[in-house]
>>> print(open('upload.csv').read())   # CSV, N, CA and C atoms
chain,number,residue,atom,x,y,z
A,1,MET,N,0.8,-1.2,0.0
A,1,MET,CA,0.0,0.0,0.0
A,1,MET,C,0.9,1.3,0.0
A,2,TYR,N,2.0,1.2,0.7
A,2,TYR,CA,2.9,2.3,0.8
A,2,TYR,C,3.3,2.8,-0.6
A,3,SER,N,3.7,1.9,-1.5
A,3,SER,CA,4.1,2.3,-2.8
A,3,SER,C,3.0,2.8,-3.7
A,4,LYS,N,1.8,2.3,-3.5
A,4,LYS,CA,0.6,2.8,-4.2
A,4,LYS,C,0.3,4.2,-3.8
A,5,LEU,N,0.3,4.5,-2.5
A,5,LEU,CA,0.0,5.8,-2.0
A,5,LEU,C,1.0,6.8,-2.5
A,6,THR,N,2.3,6.4,-2.4
A,6,THR,CA,3.4,7.3,-2.8
A,6,THR,C,3.3,7.6,-4.3
A,7,ALA,N,3.0,6.6,-5.1
A,7,ALA,CA,2.9,6.8,-6.5
A,7,ALA,C,1.7,7.7,-6.9
A,8,TYR,N,0.6,7.5,-6.2
A,8,TYR,CA,-0.6,8.4,-6.5
A,8,TYR,C,-0.3,9.8,-6.1
A,9,CYS,N,0.3,10.0,-4.9
A,9,CYS,CA,0.6,11.4,-4.5
A,9,CYS,C,1.6,12.1,-5.5
A,10,LEU,N,2.6,11.3,-6.0
A,10,LEU,CA,3.5,11.9,-6.9
A,10,LEU,C,2.9,12.1,-8.3
A,11,SER,N,1.8,11.5,-8.6
A,11,SER,CA,1.1,11.7,-9.9
A,11,SER,C,0.4,13.1,-9.9
A,12,LYS,N,0.3,13.7,-8.8
A,12,LYS,CA,-0.4,15.0,-8.7
A,12,LYS,C,0.6,16.1,-9.3
A,13,LYS,N,0.0,17.1,-10.0
A,13,LYS,CA,0.8,18.1,-10.7
A,13,LYS,C,1.7,18.8,-9.7
A,14,GLY,N,3.0,18.9,-9.9
A,14,GLY,CA,3.9,19.6,-9.1
A,14,GLY,C,4.3,19.0,-7.8
A,15,ALA,N,3.8,17.7,-7.5
A,15,ALA,CA,4.1,17.1,-6.3
A,15,ALA,C,5.5,16.6,-6.2
A,16,VAL,N,6.1,16.8,-5.0
A,16,VAL,CA,7.5,16.3,-4.8
A,16,VAL,C,7.6,15.7,-3.4
A,17,GLU,N,8.5,14.7,-3.3
A,17,GLU,CA,8.7,14.1,-2.0
A,17,GLU,C,9.8,14.8,-1.3
A,18,ASP,N,9.7,14.7,0.0
A,18,ASP,CA,10.7,15.4,0.9
A,18,ASP,C,10.8,14.6,2.2
A,19,TYR,N,11.9,14.8,2.9
A,19,TYR,CA,12.1,14.1,4.2
A,19,TYR,C,12.6,15.2,5.2
A,20,PRO,N,11.8,16.2,5.5
A,20,PRO,CA,12.2,17.3,6.4
A,20,PRO,C,12.4,16.8,7.9
A,21,PHE,N,11.8,15.7,8.2
A,21,PHE,CA,11.8,15.2,9.6
A,21,PHE,C,12.7,14.0,9.8
A,22,GLY,N,13.5,13.7,8.8
A,22,GLY,CA,14.4,12.5,8.9
A,22,GLY,C,13.9,11.5,8.0
A,23,PRO,N,14.3,10.2,8.2
A,23,PRO,CA,13.9,9.2,7.2
A,23,PRO,C,12.4,8.8,7.2
A,24,SER,N,11.7,9.3,8.2
A,24,SER,CA,10.3,9.0,8.2
A,24,SER,C,9.6,10.2,9.0
A,25,PRO,N,8.5,10.6,8.5
A,25,PRO,CA,7.7,10.2,7.4
A,25,PRO,C,8.1,10.8,6.1
A,26,LEU,N,7.6,10.1,5.0
A,26,LEU,CA,7.8,10.7,3.7
A,26,LEU,C,6.8,11.8,3.6
A,27,VAL,N,7.2,13.0,3.2
A,27,VAL,CA,6.3,14.2,3.1
A,27,VAL,C,6.1,14.5,1.7
A,28,MET,N,4.9,14.6,1.2
A,28,MET,CA,4.6,15.1,-0.1
A,28,MET,C,4.2,16.5,-0.1
A,29,LYS,N,4.8,17.3,-1.0
A,29,LYS,CA,4.6,18.7,-1.0
A,29,LYS,C,4.2,19.2,-2.4
A,30,VAL,N,3.5,20.3,-2.4
A,30,VAL,CA,3.2,21.0,-3.7
A,30,VAL,C,3.4,22.5,-3.3
A,31,GLY,N,4.2,23.2,-4.2
A,31,GLY,CA,4.5,24.6,-3.9
A,31,GLY,C,5.2,24.8,-2.6
A,32,GLY,N,6.0,23.8,-2.1
A,32,GLY,CA,6.7,23.9,-0.8
A,32,GLY,C,5.8,23.6,0.4
A,33,LYS,N,4.6,23.3,0.2
A,33,LYS,CA,3.7,23.0,1.4
A,33,LYS,C,3.3,21.6,1.4
A,34,MET,N,3.1,21.0,2.6
A,34,MET,CA,2.8,19.6,2.8
A,34,MET,C,1.3,19.4,2.4
A,35,PHE,N,1.1,18.3,1.7
A,35,PHE,CA,-0.3,17.8,1.5
A,35,PHE,C,-0.5,16.4,2.0
A,36,ALA,N,0.6,15.7,2.2
A,36,ALA,CA,0.5,14.3,2.7
A,36,ALA,C,1.7,13.9,3.4
A,37,LEU,N,1.6,13.1,4.5
A,37,LEU,CA,2.7,12.5,5.2
A,37,LEU,C,2.4,11.0,5.3
A,38,ILE,N,3.4,10.2,4.8
A,38,ILE,CA,3.1,8.8,4.7
A,38,ILE,C,4.2,8.1,5.6
A,39,THR,N,3.7,7.2,6.5
A,39,THR,CA,4.6,6.5,7.4
A,39,THR,C,4.3,5.0,7.2
A,40,ARG,N,5.4,4.2,7.4
A,40,ARG,CA,5.2,2.7,7.3
A,40,ARG,C,6.0,2.1,8.5
A,41,ALA,N,5.4,1.3,9.3
A,41,ALA,CA,6.1,0.6,10.4
A,41,ALA,C,6.6,-0.7,9.7
A,42,GLU,N,7.9,-0.8,9.7
A,42,GLU,CA,8.6,-1.9,9.1
A,42,GLU,C,8.2,-3.3,9.7
A,43,ALA,N,8.0,-3.3,11.0
A,43,ALA,CA,7.7,-4.6,11.6
A,43,ALA,C,6.4,-5.2,11.2
A,44,ASP,N,5.4,-4.4,11.0
A,44,ASP,CA,4.1,-5.0,10.7
A,44,ASP,C,3.6,-4.5,9.3
A,45,ASP,N,4.4,-3.7,8.6
A,45,ASP,CA,4.0,-3.2,7.3
A,45,ASP,C,2.7,-2.3,7.4
A,46,GLU,N,2.4,-1.8,8.6
A,46,GLU,CA,1.3,-0.9,8.7
A,46,GLU,C,1.6,0.5,8.1
A,47,VAL,N,0.7,1.0,7.3
A,47,VAL,CA,0.9,2.2,6.6
A,47,VAL,C,-0.2,3.2,7.1
A,48,GLN,N,0.3,4.4,7.4
A,48,GLN,CA,-0.6,5.5,7.7
A,48,GLN,C,-0.3,6.7,6.8
A,49,ILE,N,-1.4,7.4,6.5
A,49,ILE,CA,-1.2,8.6,5.7
A,49,ILE,C,-2.0,9.8,6.4
A,50,SER,N,-1.3,10.9,6.6
A,50,SER,CA,-1.9,12.1,7.1
A,50,SER,C,-2.2,13.1,6.0
A,51,LEU,N,-3.5,13.6,6.0
A,51,LEU,CA,-3.9,14.4,4.9
A,51,LEU,C,-4.7,15.6,5.5
A,52,LYS,N,-4.5,16.7,4.8
A,52,LYS,CA,-5.2,18.0,5.1
A,52,LYS,C,-6.7,17.8,4.7
A,53,CYS,N,-7.6,18.4,5.5
A,53,CYS,CA,-9.0,18.2,5.2
A,53,CYS,C,-9.8,19.4,5.7
A,54,ASP,N,-10.9,19.7,5.0
A,54,ASP,CA,-11.8,20.7,5.5
A,54,ASP,C,-12.3,20.2,6.9
A,55,PRO,N,-12.3,21.1,7.9
A,55,PRO,CA,-12.7,20.7,9.3
A,55,PRO,C,-14.0,19.9,9.4
A,56,VAL,N,-15.1,20.3,8.7
A,56,VAL,CA,-16.4,19.7,8.7
A,56,VAL,C,-16.3,18.3,8.1
A,57,ILE,N,-15.6,18.2,7.0
A,57,ILE,CA,-15.4,16.9,6.3
A,57,ILE,C,-14.6,16.0,7.2
A,58,ALA,N,-13.5,16.6,7.8
A,58,ALA,CA,-12.6,15.8,8.7
A,58,ALA,C,-13.4,15.1,9.8
A,59,ALA,N,-14.3,15.9,10.5
A,59,ALA,CA,-15.1,15.4,11.6
A,59,ALA,C,-16.0,14.3,11.1
A,60,ASN,N,-16.6,14.5,9.9
A,60,ASN,CA,-17.5,13.5,9.4
A,60,ASN,C,-16.8,12.2,9.1
A,61,LEU,N,-15.6,12.3,8.5
A,61,LEU,CA,-14.8,11.1,8.2
A,61,LEU,C,-14.5,10.3,9.4
A,62,ARG,N,-14.1,11.0,10.5
A,62,ARG,CA,-13.8,10.4,11.7
A,62,ARG,C,-15.0,9.6,12.3
A,63,GLU,N,-16.1,10.2,12.2
A,63,GLU,CA,-17.3,9.5,12.7
A,63,GLU,C,-17.7,8.3,11.9
A,64,GLN,N,-17.5,8.4,10.6
A,64,GLN,CA,-17.9,7.3,9.7
A,64,GLN,C,-16.9,6.1,9.6
A,65,HIS,N,-15.6,6.4,9.9
A,65,HIS,CA,-14.6,5.4,9.6
A,65,HIS,C,-13.7,5.3,10.9
A,66,GLU,N,-13.6,4.1,11.4
A,66,GLU,CA,-12.7,3.9,12.6
A,66,GLU,C,-11.2,4.1,12.2
A,67,CYS,N,-10.9,3.9,11.0
A,67,CYS,CA,-9.5,4.0,10.6
A,67,CYS,C,-9.0,5.5,10.4
A,68,VAL,N,-10.0,6.4,10.5
A,68,VAL,CA,-9.7,7.8,10.3
A,68,VAL,C,-9.7,8.5,11.7
A,69,ARG,N,-8.5,9.1,12.1
A,69,ARG,CA,-8.3,9.7,13.4
A,69,ARG,C,-7.8,11.1,13.2
A,70,PRO,N,-7.9,11.9,14.3
A,70,PRO,CA,-7.3,13.3,14.2
A,70,PRO,C,-5.8,13.2,13.8
A,71,GLY,N,-5.3,14.1,13.1
A,71,GLY,CA,-3.9,14.1,12.6
A,71,GLY,C,-2.9,13.9,13.7
A,72,TYR,N,-2.0,13.0,13.5
A,72,TYR,CA,-1.0,12.6,14.5
A,72,TYR,C,0.1,13.7,14.4
A,73,HIS,N,0.4,14.4,15.5
A,73,HIS,CA,1.3,15.5,15.6
A,73,HIS,C,1.1,16.6,14.6
A,74,LEU,N,-0.2,16.8,14.3
A,74,LEU,CA,-0.6,17.9,13.3
A,74,LEU,C,-1.8,18.6,13.9
A,75,ASN,N,-2.2,19.7,13.3
A,75,ASN,CA,-3.4,20.4,13.7
A,75,ASN,C,-4.6,19.5,13.5
A,76,LYS,N,-5.2,19.1,14.6
A,76,LYS,CA,-6.2,18.1,14.6
A,76,LYS,C,-7.5,18.6,14.0
A,77,LYS,N,-7.7,19.9,13.9
A,77,LYS,CA,-8.9,20.4,13.2
A,77,LYS,C,-8.8,20.3,11.7
A,78,HIS,N,-7.6,20.4,11.2
A,78,HIS,CA,-7.4,20.4,9.7
A,78,HIS,C,-6.7,19.2,9.1
A,79,TRP,N,-6.3,18.2,9.9
A,79,TRP,CA,-5.6,17.1,9.4
A,79,TRP,C,-6.2,15.8,10.0
A,80,ASN,N,-6.3,14.8,9.2
A,80,ASN,CA,-6.6,13.4,9.6
A,80,ASN,C,-5.5,12.5,9.3
A,81,THR,N,-5.3,11.5,10.2
A,81,THR,CA,-4.4,10.4,9.9
A,81,THR,C,-5.2,9.2,9.7
A,82,VAL,N,-5.0,8.5,8.5
A,82,VAL,CA,-5.8,7.4,8.1
A,82,VAL,C,-4.9,6.1,8.1
A,83,ALA,N,-5.3,5.1,8.8
A,83,ALA,CA,-4.6,3.8,8.8
A,83,ALA,C,-5.1,3.1,7.5
A,84,ALA,N,-4.1,2.9,6.6
A,84,ALA,CA,-4.4,2.2,5.3
A,84,ALA,C,-4.3,0.7,5.5
A,85,ASP,N,-5.4,0.2,6.2
A,85,ASP,CA,-5.4,-1.2,6.7
A,85,ASP,C,-6.3,-2.0,5.9
A,86,GLY,N,-6.9,-1.5,4.8
A,86,GLY,CA,-7.8,-2.2,3.9
A,86,GLY,C,-9.2,-2.0,4.3
A,87,SER,N,-9.5,-1.3,5.4
A,87,SER,CA,-10.9,-1.1,5.8
A,87,SER,C,-11.6,0.0,5.0
A,88,LEU,N,-10.7,0.8,4.3
A,88,LEU,CA,-11.2,1.9,3.5
A,88,LEU,C,-10.8,1.6,2.1
A,89,ALA,N,-11.7,1.7,1.1
A,89,ALA,CA,-11.4,1.5,-0.3
A,89,ALA,C,-10.3,2.4,-0.8
A,90,VAL,N,-9.5,1.9,-1.7
A,90,VAL,CA,-8.4,2.6,-2.3
A,90,VAL,C,-9.0,3.9,-3.0
A,91,ASP,N,-10.1,3.8,-3.6
A,91,ASP,CA,-10.7,5.0,-4.2
A,91,ASP,C,-11.1,6.1,-3.2
A,92,ASP,N,-11.5,5.6,-2.0
A,92,ASP,CA,-11.8,6.6,-1.0
A,92,ASP,C,-10.5,7.3,-0.5
A,93,LEU,N,-9.4,6.5,-0.4
A,93,LEU,CA,-8.1,7.1,0.0
A,93,LEU,C,-7.6,8.1,-1.1
A,94,LYS,N,-7.8,7.7,-2.3
A,94,LYS,CA,-7.4,8.6,-3.4
A,94,LYS,C,-8.2,9.9,-3.4
A,95,ALA,N,-9.5,9.8,-3.1
A,95,ALA,CA,-10.4,11.0,-3.0
A,95,ALA,C,-9.9,11.9,-1.8
A,96,MET,N,-9.5,11.3,-0.7
A,96,MET,CA,-8.9,12.1,0.4
A,96,MET,C,-7.6,12.8,0.0
A,97,ILE,N,-6.8,12.1,-0.7
A,97,ILE,CA,-5.5,12.7,-1.2
A,97,ILE,C,-5.8,13.8,-2.2
A,98,ASP,N,-6.8,13.6,-3.1
A,98,ASP,CA,-7.2,14.7,-4.0
A,98,ASP,C,-7.6,15.9,-3.2
A,99,HIS,N,-8.5,15.7,-2.2
A,99,HIS,CA,-9.0,16.8,-1.4
A,99,HIS,C,-7.9,17.6,-0.7
A,100,SER,N,-6.9,16.8,-0.1
A,100,SER,CA,-5.8,17.5,0.5
A,100,SER,C,-5.0,18.3,-0.4
A,101,TYR,N,-4.6,17.7,-1.5
A,101,TYR,CA,-3.8,18.3,-2.6
A,101,TYR,C,-4.5,19.6,-3.0
A,102,GLU,N,-5.8,19.6,-3.3
A,102,GLU,CA,-6.5,20.7,-3.8
A,102,GLU,C,-6.6,21.8,-2.8
A,103,LEU,N,-6.8,21.5,-1.5
A,103,LEU,CA,-6.8,22.5,-0.4
A,103,LEU,C,-5.4,23.2,-0.4
A,104,VAL,N,-4.4,22.4,-0.4
A,104,VAL,CA,-3.0,23.0,-0.3
A,104,VAL,C,-2.7,23.9,-1.5
A,105,LEU,N,-3.0,23.4,-2.7
A,105,LEU,CA,-2.8,24.1,-3.9
A,105,LEU,C,-3.6,25.4,-3.9
A,106,ALA,N,-4.8,25.4,-3.5
A,106,ALA,CA,-5.6,26.6,-3.4
A,106,ALA,C,-5.1,27.6,-2.4
A,107,SER,N,-4.4,27.1,-1.4
A,107,SER,CA,-3.8,28.0,-0.3
A,107,SER,C,-2.6,28.7,-0.8
A,108,LEU,N,-2.0,28.3,-1.9
A,108,LEU,CA,-0.7,28.9,-2.4
A,108,LEU,C,-1.0,30.3,-2.9
A,109,THR,N,0.0,31.1,-2.9
A,109,THR,CA,-0.2,32.4,-3.5
A,109,THR,C,-0.4,32.2,-5.0
A,110,LYS,N,-1.0,33.2,-5.7
A,110,LYS,CA,-1.2,33.1,-7.1
A,110,LYS,C,0.1,32.8,-7.9
A,111,ALA,N,1.2,33.5,-7.4
A,111,ALA,CA,2.5,33.3,-8.1
A,111,ALA,C,3.0,31.9,-7.9
A,112,ALA,N,2.8,31.3,-6.7
A,112,ALA,CA,3.3,30.0,-6.4
A,112,ALA,C,2.5,29.0,-7.2
A,113,ARG,N,1.1,29.2,-7.3
A,113,ARG,CA,0.3,28.3,-8.1
A,113,ARG,C,0.7,28.3,-9.6
A,114,GLU,N,1.0,29.5,-10.1
A,114,GLU,CA,1.4,29.7,-11.5
A,114,GLU,C,2.8,29.0,-11.7
A,115,SER,N,3.7,29.1,-10.7
A,115,SER,CA,5.0,28.5,-10.8
A,115,SER,C,4.8,27.0,-10.9
A,116,VAL,N,3.9,26.4,-10.1
A,116,VAL,CA,3.7,24.9,-10.2
A,116,VAL,C,3.2,24.6,-11.5
A,117,LEU,N,2.2,25.3,-12.1
A,117,LEU,CA,1.7,25.0,-13.4
A,117,LEU,C,2.7,25.3,-14.5
A,118,LEU,N,3.6,26.2,-14.4
A,118,LEU,CA,4.6,26.5,-15.4
A,118,LEU,C,5.6,25.3,-15.4
A,119,LYS,N,5.9,24.8,-14.3
A,119,LYS,CA,6.9,23.7,-14.2
A,119,LYS,C,6.2,22.5,-14.9
A,120,ILE,N,4.9,22.3,-14.7
A,120,ILE,CA,4.2,21.2,-15.3
A,120,ILE,C,4.2,21.3,-16.8
A,121,GLY,N,3.9,22.6,-17.3
A,121,GLY,CA,3.9,22.8,-18.7
A,121,GLY,C,5.2,22.5,-19.4
A,122,ARG,N,6.3,22.9,-18.7
A,122,ARG,CA,7.7,22.7,-19.3
A,122,ARG,C,8.1,21.2,-19.3
A,123,SER,N,7.5,20.4,-18.4
A,123,SER,CA,7.9,19.0,-18.3
A,123,SER,C,7.2,18.1,-19.3
A,124,ARG,N,6.2,18.6,-20.0
A,124,ARG,CA,5.4,17.8,-21.0
A,124,ARG,C,6.0,17.9,-22.3
>>> encode(input="upload.csv", output="structure tokens")
Amino acid sequence: MYSKLTAYCLSKKGAVEDYPFGPSPLVMKVGGKMFALITRAEADDEVQISLKCDPVIAANLREQHECVRPGYHLNKKHWNTVAADGSLAVDDLKAMIDHSYELVLASLTKAARESVLLKIGRSR
């Protein structure tokens, strides 16, 4: 699951991986801002992904899914940590990643958003 989540995050326009906190977690950024943090416990291969989320949606997801918890070491109002344990469909995880990415992209300055889009245009 770790490689699937990583690949999907990197498929987003302008997404880059970073390790600002050491070897773990893997941090996905767009325009220099985090939109996902992915951790994997080597012993049991448990994967968790932390994602930015609209506060109302975040609360609803926590109520609906046991695997969705307030963000671990993050602002619990705006971040959820999801255990990718198979209890949530991959499409639902991808939708959560999309939502996080879109929130962070929208929060960038106009110049930063344009810079992300220009880099994409040049790479094609």
>>> select_by_dssp(input="upload.csv", residues="chain A", states="strand (DSSP E or B)", output="ChimeraX atom specification")
/A:16-18,26-30,33-41,46-52,68-70,79-83
>>> write_last_selection(input="upload.csv", atoms="N, CA and C atoms", output="compact mmCIF listing (two decimals), in the coordinates of the input")
# COMPACT_ATOMS: atom_id res chain seq x y z
N VAL A 16 6.10 16.80 -5.00
CA VAL A 16 7.50 16.30 -4.80
C VAL A 16 7.60 15.70 -3.40
N GLU A 17 8.50 14.70 -3.30
CA GLU A 17 8.70 14.10 -2.00
C GLU A 17 9.80 14.80 -1.30
N ASP A 18 9.70 14.70 0.00
CA ASP A 18 10.70 15.40 0.90
C ASP A 18 10.80 14.60 2.20
N LEU A 26 7.60 10.10 5.00
CA LEU A 26 7.80 10.70 3.70
C LEU A 26 6.80 11.80 3.60
N VAL A 27 7.20 13.00 3.20
CA VAL A 27 6.30 14.20 3.10
C VAL A 27 6.10 14.50 1.70
N MET A 28 4.90 14.60 1.20
CA MET A 28 4.60 15.10 -0.10
C MET A 28 4.20 16.50 -0.10
N LYS A 29 4.80 17.30 -1.00
CA LYS A 29 4.60 18.70 -1.00
C LYS A 29 4.20 19.20 -2.40
N VAL A 30 3.50 20.30 -2.40
CA VAL A 30 3.20 21.00 -3.70
C VAL A 30 3.40 22.50 -3.30
N LYS A 33 4.60 23.30 0.20
CA LYS A 33 3.70 23.00 1.40
C LYS A 33 3.30 21.60 1.40
N MET A 34 3.10 21.00 2.60
CA MET A 34 2.80 19.60 2.80
C MET A 34 1.30 19.40 2.40
N PHE A 35 1.10 18.30 1.70
CA PHE A 35 -0.30 17.80 1.50
C PHE A 35 -0.50 16.40 2.00
N ALA A 36 0.60 15.70 2.20
CA ALA A 36 0.50 14.30 2.70
C ALA A 36 1.70 13.90 3.40
N LEU A 37 1.60 13.10 4.50
CA LEU A 37 2.70 12.50 5.20
C LEU A 37 2.40 11.00 5.30
N ILE A 38 3.40 10.20 4.80
CA ILE A 38 3.10 8.80 4.70
C ILE A 38 4.20 8.10 5.60
N THR A 39 3.70 7.20 6.50
CA THR A 39 4.60 6.50 7.40
C THR A 39 4.30 5.00 7.20
N ARG A 40 5.40 4.20 7.40
CA ARG A 40 5.20 2.70 7.30
C ARG A 40 6.00 2.10 8.50
N ALA A 41 5.40 1.30 9.30
CA ALA A 41 6.10 0.60 10.40
C ALA A 41 6.60 -0.70 9.70
N GLU A 46 2.40 -1.80 8.60
CA GLU A 46 1.30 -0.90 8.70
C GLU A 46 1.60 0.50 8.10
N VAL A 47 0.70 1.00 7.30
CA VAL A 47 0.90 2.20 6.60
C VAL A 47 -0.20 3.20 7.10
N GLN A 48 0.30 4.40 7.40
CA GLN A 48 -0.60 5.50 7.70
C GLN A 48 -0.30 6.70 6.80
N ILE A 49 -1.40 7.40 6.50
CA ILE A 49 -1.20 8.60 5.70
C ILE A 49 -2.00 9.80 6.40
N SER A 50 -1.30 10.90 6.60
CA SER A 50 -1.90 12.10 7.10
C SER A 50 -2.20 13.10 6.00
N LEU A 51 -3.50 13.60 6.00
CA LEU A 51 -3.90 14.40 4.90
C LEU A 51 -4.70 15.60 5.50
N LYS A 52 -4.50 16.70 4.80
CA LYS A 52 -5.20 18.00 5.10
C LYS A 52 -6.70 17.80 4.70
N VAL A 68 -10.00 6.40 10.50
CA VAL A 68 -9.70 7.80 10.30
C VAL A 68 -9.70 8.50 11.70
N ARG A 69 -8.50 9.10 12.10
CA ARG A 69 -8.30 9.70 13.40
C ARG A 69 -7.80 11.10 13.20
N PRO A 70 -7.90 11.90 14.30
CA PRO A 70 -7.30 13.30 14.20
C PRO A 70 -5.80 13.20 13.80
N TRP A 79 -6.30 18.20 9.90
CA TRP A 79 -5.60 17.10 9.40
C TRP A 79 -6.20 15.80 10.00
N ASN A 80 -6.30 14.80 9.20
CA ASN A 80 -6.60 13.40 9.60
C ASN A 80 -5.50 12.50 9.30
N THR A 81 -5.30 11.50 10.20
CA THR A 81 -4.40 10.40 9.90
C THR A 81 -5.20 9.20 9.70
N VAL A 82 -5.00 8.50 8.50
CA VAL A 82 -5.80 7.40 8.10
C VAL A 82 -4.90 6.10 8.10
N ALA A 83 -5.30 5.10 8.80
CA ALA A 83 -4.60 3.80 8.80
C ALA A 83 -5.10 3.10 7.50
>>> residues_around(input="upload.csv", residues="region 50-53 of chain A", least_positions_apart="2", cutoff="5 Å", atoms="all atoms listed in the file", output="list in words")
Phe35, Ala36, Leu37, Gln48, Pro55, His78, Trp79, Asn80, Thr81, Val82 and Ser100 of chain A
>>> closest_residue(input="upload.csv", among="A:Ala83, A:Asp45, A:Arg40, A:Ser115", to="Arg62 (chain A)", atoms="only C-alpha atoms")
A:Ala83
>>> closest_residue(input="upload.csv", among="A:Tyr2, A:Tyr101, A:Ala7, A:Lys12", to="Ala84 (chain A)", atoms="only N, CA and C atoms")
A:Tyr2
>>> atom_distance(input="upload.csv", atom1="atom N of Leu93 (chain A)", atom2="atom C of Ser24 (chain A)")
21.5 Å
>>> residues_around(input="upload.csv", residues="Ala15 (chain A)", least_positions_apart="2", cutoff="7 Å", atoms="only N, CA and C atoms", output="list of chain:residue names")
A:Cys9, A:Leu10, A:Ser11, A:Lys12, A:Lys13, A:Glu17, A:Met28, A:Lys29, A:Val30, A:Gly31
>>> closest_residue(input="upload.csv", among="A:Val47, A:His73, A:Val104, A:Glu66", to="Ser87 (chain A)", atoms="only C-alpha atoms")
A:Glu66
>>> closest_residue(input="upload.csv", among="A:Met34, A:Leu74, A:Val68, A:Leu118", to="Glu102 (chain A)", atoms="only C-alpha atoms")
A:Met34
>>> atom_distance(input="upload.csv", atom1="CA of Asp98 (chain A)", atom2="CA of Tyr8 (chain A)")
9.5 Å
>>> atom_distance(input="upload.csv", atom1="CA of Thr109 (chain A)", atom2="CA of Leu26 (chain A)")
24.2 Å
>>> select_by_dssp(input="upload.csv", residues="chain A", states="alpha helix (DSSP H)", output="PyMOL selection string")
chain A and resi 2-10+55-64+90-107+110-123
